[in-house]
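Colleague: File name start02.cif; file contents mmCIF, C-alpha atoms and all ligand atoms; full text below.
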```
data_final
#
loop_
_atom_site.label_atom_id
_atom_site.label_comp_id
_atom_site.auth_asym_id
_atom_site.auth_seq_id
_atom_site.Cartn_x
_atom_site.Cartn_y
_atom_site.Cartn_z
CA MET A 1 13.79 21.00 -4.52
CA GLY A 2 14.87 17.78 -6.27
CA ALA A 3 13.29 14.49 -5.31
CA GLY A 4 16.65 12.92 -4.43
CA SER A 5 17.35 15.41 -1.67
CA LEU A 6 14.12 14.45 0.05
CA VAL A 7 14.75 10.77 0.53
CA ARG A 8 16.74 11.07 3.74
CA GLY A 9 15.33 12.43 6.96
CA TRP A 10 13.65 15.62 7.91
CA PRO A 11 15.92 18.17 9.56
CA GLY A 12 15.96 17.92 13.33
CA LEU A 13 13.62 14.92 13.44
CA GLY A 14 15.94 12.00 12.86
CA PRO A 15 15.40 10.03 9.70
CA TRP A 16 11.78 9.96 8.63
CA TYR A 17 12.75 7.67 5.88
CA ASP A 18 15.76 5.54 6.71
CA ALA A 19 17.03 4.60 3.26
CA SER A 20 19.73 2.36 4.71
CA ARG A 21 17.04 -0.01 6.03
CA GLY A 22 15.33 -0.56 2.71
CA HIS A 23 12.11 0.86 1.31
CA GLY A 24 9.77 -0.79 3.79
CA ASN A 25 11.28 0.96 6.79
CA TRP A 26 9.71 4.27 7.31
CA VAL A 27 10.20 6.15 10.52
CA PRO A 28 7.32 8.50 11.22
CA PRO A 29 8.22 12.03 12.27
CA ARG A 30 7.26 13.17 15.76
CA LYS A 31 4.06 14.96 15.01
CA GLU A 32 4.42 17.68 17.60
CA ALA A 33 7.68 18.62 15.89
CA LEU A 34 5.75 18.99 12.65
CA GLY A 35 3.32 21.39 14.27
CA LEU A 36 0.47 18.94 13.69
CA GLU A 37 -0.18 17.72 17.17
CA PRO A 38 1.18 19.68 20.10
CA ALA A 39 0.01 17.45 22.93
CA LEU A 40 -0.96 13.88 22.10
CA GLN A 41 2.39 12.14 21.97
CA THR A 42 4.01 14.05 24.81
CA ARG A 43 1.25 13.69 27.38
CA GLY A 44 3.29 11.32 29.50
CA ALA A 45 4.84 7.91 29.19
CA ASN A 46 1.75 6.18 30.59
CA SER A 47 -0.49 7.20 27.75
CA LEU A 48 1.88 5.83 25.12
CA GLN A 49 1.77 2.13 24.40
CA ARG A 50 1.98 -0.29 21.52
CA ARG A 51 -1.52 -1.23 20.45
CA LEU A 52 -2.83 -3.78 17.98
CA PRO A 53 -3.95 -2.08 14.76
CA GLN A 54 -7.53 -1.01 14.30
CA GLY A 55 -6.94 -0.38 10.60
CA ILE A 56 -4.93 -2.36 8.06
CA ILE A 57 -4.02 -1.59 4.46
CA ILE A 58 -4.31 -5.10 3.01
CA GLY A 59 -3.20 -4.39 -0.57
CA VAL A 60 -2.95 -4.44 -3.42
CA ARG A 61 0.72 -4.99 -4.04
CA LYS A 62 2.01 -2.06 -6.16
CA GLY A 63 -1.32 -0.29 -5.71
CA GLY A 64 0.09 2.69 -3.81
CA THR A 65 0.00 1.16 -0.32
CA ARG A 66 3.14 2.99 0.87
CA ALA A 67 1.89 6.36 -0.40
CA LEU A 68 -1.47 5.80 1.29
CA LEU A 69 0.10 4.85 4.63
CA GLU A 70 2.57 7.73 4.62
CA MET A 71 -0.12 10.22 3.68
CA LEU A 72 -2.43 8.93 6.41
CA ALA A 73 0.40 9.02 8.92
CA LEU A 74 0.41 12.81 8.57
CA HIS A 75 -2.89 12.71 10.39
CA PRO A 76 -2.49 13.43 14.12
CA GLN A 77 -4.84 10.58 15.04
CA VAL A 78 -2.88 7.95 13.09
CA ALA A 79 0.12 5.97 14.33
CA ALA A 80 1.59 3.88 11.52
CA ALA A 81 3.89 0.86 11.72
CA HIS A 82 7.24 1.50 10.03
CA ALA A 83 7.72 -1.73 8.15
CA GLU A 84 5.47 -4.26 6.48
CA VAL A 85 4.69 -6.77 9.23
CA HIS A 86 3.57 -9.88 7.25
CA PHE A 87 1.88 -11.28 10.35
CA PHE A 88 -1.25 -12.85 8.88
CA ASN A 89 0.34 -14.17 5.67
CA ARG A 90 3.58 -15.74 6.91
CA GLU A 91 3.40 -18.84 9.07
CA GLU A 92 6.64 -18.13 10.91
CA ASN A 93 5.29 -14.73 12.01
CA TYR A 94 1.74 -15.87 12.75
CA ARG A 95 3.10 -18.57 15.03
CA ARG A 96 4.79 -15.88 17.10
CA GLY A 97 1.37 -14.77 18.30
CA LEU A 98 -0.44 -11.49 18.95
CA GLY A 99 2.11 -10.40 21.55
CA TRP A 100 4.76 -10.38 18.85
CA TYR A 101 2.42 -8.62 16.44
CA ARG A 102 1.72 -5.88 18.98
CA GLN A 103 5.45 -5.37 19.44
CA GLN A 104 5.77 -4.52 15.75
CA MET A 105 3.37 -1.60 16.17
CA PRO A 106 4.42 1.96 16.96
CA PHE A 107 3.73 3.66 20.25
CA SER A 108 0.42 5.46 20.13
CA GLY A 109 -1.67 7.66 22.36
CA PRO A 110 -5.16 6.62 23.51
CA GLY A 111 -6.89 8.79 20.90
CA GLN A 112 -4.84 7.44 18.02
CA LEU A 113 -5.61 4.75 15.49
CA THR A 114 -2.79 2.26 14.93
CA MET A 115 -2.29 1.16 11.33
CA GLU A 116 -0.06 -1.14 9.37
CA LYS A 117 0.20 -2.05 5.71
CA THR A 118 1.15 -5.40 4.26
CA PRO A 119 0.05 -5.77 0.62
CA GLY A 120 0.70 -9.51 0.80
CA TYR A 121 -2.42 -9.93 2.97
CA PHE A 122 -4.81 -9.34 0.09
CA SER A 123 -4.00 -12.49 -1.86
CA SER A 124 -3.22 -14.64 1.20
CA PRO A 125 -5.88 -17.36 1.64
CA GLN A 126 -5.35 -17.44 5.43
CA ALA A 127 -5.31 -13.70 6.11
CA PRO A 128 -9.06 -12.82 6.06
CA GLU A 129 -10.06 -15.36 8.73
CA ARG A 130 -7.01 -14.63 10.81
CA VAL A 131 -7.67 -10.90 10.82
CA ARG A 132 -11.32 -11.51 11.72
CA ALA A 133 -10.31 -13.85 14.55
CA MET A 134 -8.13 -11.09 15.97
CA ASP A 135 -10.69 -8.31 15.56
CA PRO A 136 -14.01 -8.61 13.72
CA ALA A 137 -14.37 -4.80 13.92
CA MET A 138 -11.15 -4.25 11.94
CA ARG A 139 -11.27 -1.51 9.30
CA LEU A 140 -9.66 -2.64 6.08
CA LEU A 141 -8.30 -0.46 3.32
CA LEU A 142 -7.77 -1.82 -0.16
CA ILE A 143 -6.03 0.45 -2.65
CA VAL A 144 -6.44 -0.68 -6.23
CA ARG A 145 -4.97 0.42 -9.50
CA ASP A 146 -5.53 -0.43 -13.16
CA PRO A 147 -4.70 -4.18 -13.16
CA VAL A 148 -2.46 -3.86 -16.22
CA GLU A 149 -0.46 -1.01 -14.69
CA ARG A 150 -0.24 -2.97 -11.46
CA LEU A 151 1.03 -6.02 -13.32
CA VAL A 152 3.71 -4.04 -15.13
CA SER A 153 4.72 -2.36 -11.88
CA ASP A 154 4.95 -5.78 -10.22
CA TYR A 155 7.16 -7.05 -13.04
CA THR A 156 9.32 -3.91 -12.86
CA GLN A 157 9.94 -4.43 -9.16
CA ILE A 158 10.99 -8.05 -9.61
CA LEU A 159 13.18 -7.13 -12.59
CA HIS A 160 14.84 -4.44 -10.48
CA ASN A 161 15.45 -6.84 -7.58
CA ARG A 162 16.89 -9.50 -9.89
CA ARG A 163 19.19 -6.99 -11.57
CA ALA A 164 20.35 -5.74 -8.18
CA ARG A 165 21.47 -9.32 -7.45
CA CYS A 166 23.03 -9.63 -10.93
CA LYS A 167 20.46 -12.30 -11.84
CA PRO A 168 18.78 -12.53 -15.23
CA TYR A 169 15.03 -12.07 -15.69
CA PRO A 170 13.06 -12.59 -18.91
CA PRO A 171 11.43 -9.71 -20.77
CA LEU A 172 7.81 -9.09 -19.74
CA GLU A 173 6.41 -10.30 -23.07
CA ARG A 174 8.03 -13.67 -22.63
CA LEU A 175 6.43 -14.11 -19.21
CA LEU A 176 3.04 -12.93 -20.41
CA LEU A 177 2.73 -14.98 -23.59
CA ARG A 178 2.76 -18.72 -24.16
CA GLY A 179 4.07 -18.60 -27.74
CA ASP A 180 1.05 -18.40 -30.02
CA ARG A 181 -1.23 -19.96 -27.39
CA GLY A 182 -2.25 -16.62 -25.91
CA LEU A 183 -1.73 -15.15 -22.48
CA ASN A 184 -0.02 -17.07 -19.76
CA THR A 185 -2.77 -16.45 -17.22
CA ARG A 186 -0.90 -18.46 -14.61
CA TYR A 187 1.81 -15.82 -14.47
CA LYS A 188 1.79 -14.59 -10.86
CA ALA A 189 1.63 -10.91 -11.75
CA ILE A 190 -1.53 -11.59 -13.76
CA GLN A 191 -3.02 -13.63 -10.93
CA ARG A 192 -2.34 -10.87 -8.42
CA SER A 193 -4.31 -8.44 -10.61
CA LEU A 194 -7.49 -10.54 -10.36
CA TYR A 195 -8.95 -8.37 -7.65
CA ALA A 196 -12.41 -9.97 -7.50
CA LEU A 197 -10.85 -13.37 -6.88
CA HIS A 198 -8.86 -12.19 -3.88
CA LEU A 199 -11.59 -9.94 -2.51
CA ALA A 200 -14.15 -12.74 -2.20
CA PRO A 201 -12.67 -14.34 0.96
CA TRP A 202 -12.41 -10.92 2.59
CA LEU A 203 -16.09 -10.32 1.89
CA ALA A 204 -16.88 -13.70 3.38
CA ALA A 205 -15.05 -12.73 6.56
CA PHE A 206 -16.09 -9.06 6.89
CA PRO A 207 -19.19 -7.03 6.12
CA PRO A 208 -18.69 -4.72 3.10
CA ALA A 209 -18.92 -1.68 5.38
CA HIS A 210 -15.60 -2.74 6.94
CA ILE A 211 -13.73 -2.66 3.63
CA HIS A 212 -12.96 0.66 1.99
CA VAL A 213 -11.62 0.73 -1.54
CA VAL A 214 -9.19 3.50 -2.44
CA ASP A 215 -8.60 4.49 -6.05
CA GLY A 216 -4.81 4.25 -6.46
CA GLY A 217 -4.98 6.20 -9.74
CA GLY A 218 -6.93 8.92 -7.94
CA LEU A 219 -4.37 9.02 -5.12
CA ILE A 220 -1.65 9.62 -7.73
CA ARG A 221 -3.59 12.32 -9.63
CA GLU A 222 -5.04 14.16 -6.64
CA PRO A 223 -4.46 12.66 -3.19
CA LEU A 224 -6.74 14.79 -1.00
CA PRO A 225 -10.22 13.68 -2.20
CA GLU A 226 -9.28 10.01 -1.72
CA LEU A 227 -7.80 10.76 1.69
CA ARG A 228 -10.90 12.65 2.78
CA ARG A 229 -12.94 9.52 2.08
CA VAL A 230 -10.46 7.45 4.05
CA GLU A 231 -10.58 9.85 7.00
CA GLN A 232 -14.34 9.46 7.01
CA PHE A 233 -14.18 5.67 6.75
CA LEU A 234 -11.74 5.47 9.65
CA GLY A 235 -13.78 7.87 11.75
CA LEU A 236 -10.98 10.42 11.91
CA THR A 237 -11.49 14.14 12.32
CA PRO A 238 -10.82 15.66 8.87
CA SER A 239 -7.32 17.08 9.33
CA LEU A 240 -5.35 16.52 6.13
CA ARG A 241 -5.14 19.71 4.13
CA PRO A 242 -4.24 20.71 0.56
CA ASP A 243 -0.92 22.09 1.79
CA ASN A 244 0.08 18.63 3.09
CA PHE A 245 0.75 17.67 -0.55
CA TYR A 246 2.63 19.29 -3.39
CA PHE A 247 3.46 18.03 -6.83
CA ASN A 248 7.17 17.39 -7.29
CA GLN A 249 8.12 17.73 -10.97
CA THR A 250 11.35 15.77 -10.59
CA LYS A 251 9.66 12.85 -8.88
CA GLY A 252 6.59 13.10 -11.08
CA PHE A 253 4.35 12.44 -8.08
CA TYR A 254 2.80 14.24 -5.17
CA CYS A 255 5.09 14.47 -2.18
CA LEU A 256 4.28 15.14 1.45
CA GLN A 257 4.62 18.36 3.35
CA ALA A 258 4.20 19.18 7.02
CA GLY A 259 5.18 22.66 8.10
CA ALA A 260 8.56 23.43 6.57
CA HIS A 261 9.33 19.76 5.96
CA GLN A 262 8.94 17.99 2.67
CA HIS A 263 9.24 14.33 1.80
CA CYS A 264 8.87 12.22 -1.33
CA LEU A 265 8.57 8.45 -1.43
CA ASP A 266 11.88 6.77 -2.19
CA GLU A 267 13.21 5.74 -5.58
CA SER A 268 11.55 2.31 -5.43
CA LYS A 269 8.23 4.12 -5.99
CA GLY A 270 7.58 5.59 -9.40
CA ARG A 271 10.10 3.57 -11.39
CA PRO A 272 9.84 3.82 -15.17
CA HIS A 273 7.93 0.87 -16.62
CA PRO A 274 9.06 -1.11 -19.66
CA PRO A 275 6.90 -0.43 -22.72
CA ILE A 276 4.43 -3.05 -23.92
CA THR A 277 3.04 -3.34 -27.44
CA GLU A 278 -0.47 -2.10 -28.30
CA GLN A 279 -1.41 -5.65 -29.22
CA LEU A 280 -0.36 -7.07 -25.87
CA LEU A 281 -2.05 -4.24 -24.04
CA GLU A 282 -5.27 -5.02 -25.86
CA GLN A 283 -4.96 -8.72 -25.03
CA LEU A 284 -4.48 -7.92 -21.36
CA CYS A 285 -7.34 -5.44 -21.27
CA THR A 286 -9.65 -7.97 -22.89
CA TYR A 287 -8.60 -10.64 -20.41
CA PHE A 288 -9.09 -8.41 -17.35
CA SER A 289 -12.34 -6.83 -18.51
CA ALA A 290 -14.74 -9.48 -17.11
CA HIS A 291 -12.73 -9.78 -13.88
CA ASN A 292 -12.83 -6.00 -13.49
CA GLU A 293 -16.60 -5.89 -14.01
CA HIS A 294 -16.97 -8.55 -11.32
CA PHE A 295 -14.79 -6.53 -8.97
CA PHE A 296 -16.85 -3.36 -9.65
CA SER A 297 -20.04 -5.23 -8.79
CA LEU A 298 -18.51 -6.48 -5.54
CA VAL A 299 -17.39 -3.05 -4.37
CA GLY A 300 -20.22 -0.98 -5.86
CA ARG A 301 -17.81 1.40 -7.55
CA THR A 302 -16.42 1.54 -11.08
CA PHE A 303 -12.94 2.58 -12.19
CA ASN A 304 -11.77 3.94 -15.48
CA TRP A 305 -9.39 1.08 -16.27
CA CYS A 306 -8.31 0.00 -19.74
N1 LIG B 401 2.86 9.99 -4.12
C1 LIG B 401 3.42 8.90 -4.66
N2 LIG B 401 4.77 8.83 -4.83
C2 LIG B 401 5.33 7.73 -5.38
N3 LIG B 401 4.62 6.66 -5.80
C3 LIG B 401 3.29 6.69 -5.66
C4 LIG B 401 2.65 7.80 -5.09
N4 LIG B 401 1.32 7.56 -5.09
C5 LIG B 401 1.15 6.35 -5.62
N5 LIG B 401 2.33 5.83 -5.97
C6 LIG B 401 2.47 4.54 -6.62
O1 LIG B 401 2.77 3.56 -5.64
C7 LIG B 401 3.26 2.45 -6.38
C8 LIG B 401 3.91 1.46 -5.45
O2 LIG B 401 2.88 0.84 -4.74
P1 LIG B 401 3.10 0.17 -3.33
O3 LIG B 401 3.65 1.17 -2.37
O4 LIG B 401 1.82 -0.45 -2.94
O5 LIG B 401 4.19 -0.92 -3.65
S1 LIG B 401 4.55 -2.20 -2.75
O6 LIG B 401 3.57 -3.23 -3.03
O7 LIG B 401 4.57 -1.78 -1.35
O8 LIG B 401 5.90 -2.58 -3.23
C9 LIG B 401 4.20 3.06 -7.39
O9 LIG B 401 4.23 2.22 -8.51
P2 LIG B 401 5.31 2.38 -9.68
O10 LIG B 401 4.99 3.70 -10.33
O11 LIG B 401 5.10 1.25 -10.58
O12 LIG B 401 6.66 2.38 -9.03
C10 LIG B 401 3.58 4.43 -7.65
O13 LIG B 401 2.99 4.55 -8.93
#
```
When written as structure tokens, how does the structure in this file appear?
Modeller:
Amino acid sequence: MGAGSLVRGWPGLGPWYDASRGHGNWVPPRKEALGLEPALQTRGANSLQRRLPQGIIIGVRKGGTRALLEMLALHPQVAAAHAEVHFFNREENYRRGLGWYRQQMPFSGPGQLTMEKTPGYFSSPQAPERVRAMDPAMRLLLIVRDPVERLVSDYTQILHNRRARCKPYPPLERLLLRGDRGLNTRYKAIQRSLYALHLAPWLAAFPPAHIHVVDGGGLIREPLPELRRVEQFLGLTPSLRPDNFYFNQTKGFYCLQAGAHQHCLDESKGRPHPPITEQLLEQLCTYFSAHNEHFFSLVGRTFNWC
């Protein structure tokens, strides 16, 4: 089956992925209809309510946050918010209060864990303290990816959005280099790839045991081992299985499967990246190397980045 045919909903379930509402608006399938959970969501109206999240995917932007949330949402004990909520990082939303935040959450049963993902939280200076003030027991997921790949993905997204509005955008090299004065390290996409910098305030607000790092590269190559670790971190019964994922040649990524239903992430995920020269790649890798080492020491795990 081609990737394109999988973007719109699952048969008989209403749209799982409502493309007309943009890529952040995912509508989870009713799990009993997927044969995953016969009882939980149909036990009676009283048991279903909107609950504040107990788990949040805080970033990183372009790290694979959507894939992680959608894969986790296949788990019968997970209820995932459809859209990015931007509660802790946007003043206008934060001012609306926890009642508003709760309203953005999906209905869940008592045995379910409510989750949302907003990659903007990770680099928001206010978010760590605000999340802690709401719930110091919060479980945080951080999905990371090679900082250079993340940067290029970030650029590609902005380029795409600008083009969609018929607006010009400079080539990546021009944004990355300050003539012959080396890298423009103030470029936002570079700054957002400095994971150690953004992690520090989270570690000041939460014990390390509350923050689980997911390898975004690993999730792309082979989702299940990463998801098993996440299930364990979240205290979920191991339920995701190899047959929940299949590699889609057209998409070039793993897609999701539940019973007879299949679903790939939409076309905003997995866009082709513009090429960068070997020389620039080397410059970037050299620049990130010390930051990466610092990040590895903070999380106690190393990654095979450039
Ligand atoms: N299974 C699967 N299918 C499609 N895409 C996948 C998948 N797993 C991870 N990814 C990678 O997710 C990248 C987008 O990351 P995010 O969802 O965090 O982006 S965003 O910050 O929410 O815009 C996206 O980045 P790009 O490849 O640059 O588009 C993907 O590489």
Colleague: Provide the CA of Pro147 in chain A to CA of Ser193 in chain A distance in Å, to one decimal place.
Modeller: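 About the pair CA of Pro147 in chain A and CA of Ser193 in chain A: they are 5.0 Å apart.
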Colleague: With all atoms listed in the file counted, collect every polymer residue having an atom within 6 Å of ligand LIG 401 (chain B); state the result as a PyMOL selection string.
Modeller: chain A and resi 61-67+119+153+219-220+253-255+265+269-271
Colleague: Export, as a PDB file, keeping the file's coordinate frame, the selected residues with C-alpha atoms.
Modeller:
```pdb
ATOM      1  CA  ARG A  61       0.720  -4.990  -4.040  1.00  0.00           C
ATOM      2  CA  LYS A  62       2.010  -2.060  -6.160  1.00  0.00           C
ATOM      3  CA  GLY A  63      -1.320  -0.290  -5.710  1.00  0.00           C
ATOM      4  CA  GLY A  64       0.090   2.690  -3.810  1.00  0.00           C
ATOM      5  CA  THR A  65       0.000   1.160  -0.320  1.00  0.00           C
ATOM      6  CA  ARG A  66       3.140   2.990   0.870  1.00  0.00           C
ATOM      7  CA  ALA A  67       1.890   6.360  -0.400  1.00  0.00           C
ATOM      8  CA  PRO A 119       0.050  -5.770   0.620  1.00  0.00           C
ATOM      9  CA  SER A 153       4.720  -2.360 -11.880  1.00  0.00           C
ATOM     10  CA  LEU A 219      -4.370   9.020  -5.120  1.00  0.00           C
ATOM     11  CA  ILE A 220      -1.650   9.620  -7.730  1.00  0.00           C
ATOM     12  CA  PHE A 253       4.350  12.440  -8.080  1.00  0.00           C
ATOM     13  CA  TYR A 254       2.800  14.240  -5.170  1.00  0.00           C
ATOM     14  CA  CYS A 255       5.090  14.470  -2.180  1.00  0.00           C
ATOM     15  CA  LEU A 265       8.570   8.450  -1.430  1.00  0.00           C
ATOM     16  CA  LYS A 269       8.230   4.120  -5.990  1.00  0.00           C
ATOM     17  CA  GLY A 270       7.580   5.590  -9.400  1.00  0.00           C
ATOM     18  CA  ARG A 271      10.100   3.570 -11.390  1.00  0.00           C
TER      19      ARG A 271
END
```
Colleague: Name all residues at most 7 Å from His294 in chain A (count only C-alpha atoms; drop same-chain ones fewer than 4 positions away) and give them as a short mmCIF file (atom, residue, chain, number, x, y, z; two decimals) with C-alpha atoms, in the frame of the given file.
Modeller:
```cif
data_model
loop_
_atom_site.label_atom_id
_atom_site.label_comp_id
_atom_site.auth_asym_id
_atom_site.auth_seq_id
_atom_site.Cartn_x
_atom_site.Cartn_y
_atom_site.Cartn_z
CA ALA A 196 -12.41 -9.97 -7.50
CA ALA A 290 -14.74 -9.48 -17.11
CA LEU A 298 -18.51 -6.48 -5.54
#
```
Colleague: Just to confirm, what's the straight-line distance from CA of Met138 in chain A to CA of Gln54 in chain A in Å (one decimal)?
Modeller: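 Between these atoms lies a distance of 5.4 Å.
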Colleague: Could you tell me how far CA of Gln104 in chain A lies from CA of Arg50 in chain A, in Å and to one decimal?
Modeller: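 So the two atoms, CA of Gln104 in chain A and CA of Arg50 in chain A, lie 8.1 Å apart.
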Colleague: With a distance cut-off of 12 Å and all atoms listed in the file, select the neighbouring residues of Leu68 in chain A, excluding the residue or stretch itself and same-chain residues fewer than 5 positions from it, and output the selection as a ChimeraX atom specification.
Modeller: /A:56-60,62-63,73-75,80,115-119,141-144,213-220,223-224,226-228,230-231,254-256,265
Colleague: Between A:Pro225, A:Arg139, A:Ser124, A:Cys285, which one has atoms that come closest to Ala200 in chain A, using only C-alpha atoms?
Modeller: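 Selected residue with least distance to Ala200 in chain A: A:Ser124.
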Colleague: Find the spatial neighbours of Leu48 in chain A, counting all atoms listed in the file, within a cut-off of 7 Å - ignore same-chain residues fewer than 4 positions away - and output them as number ranges by chain.
Modeller: A: 107-109
Colleague: Write the residues of the selection above to a file with C-alpha atoms, as a PDB file, in the frame of the given file.
Modeller:
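Written output follows (part.pdb):
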```
ATOM      1  CA  PHE A 107       3.730   3.660  20.250  1.00  0.00           C
ATOM      2  CA  SER A 108       0.420   5.460  20.130  1.00  0.00           C
ATOM      3  CA  GLY A 109      -1.670   7.660  22.360  1.00  0.00           C
TER       4      GLY A 109
END
```
Colleague: Given all atoms listed in the file as the basis, pick out the residue of A:Val299, A:Phe288, A:Tyr169, A:Val131 nearest to Ala209 in chain A.
Modeller: A:Val299
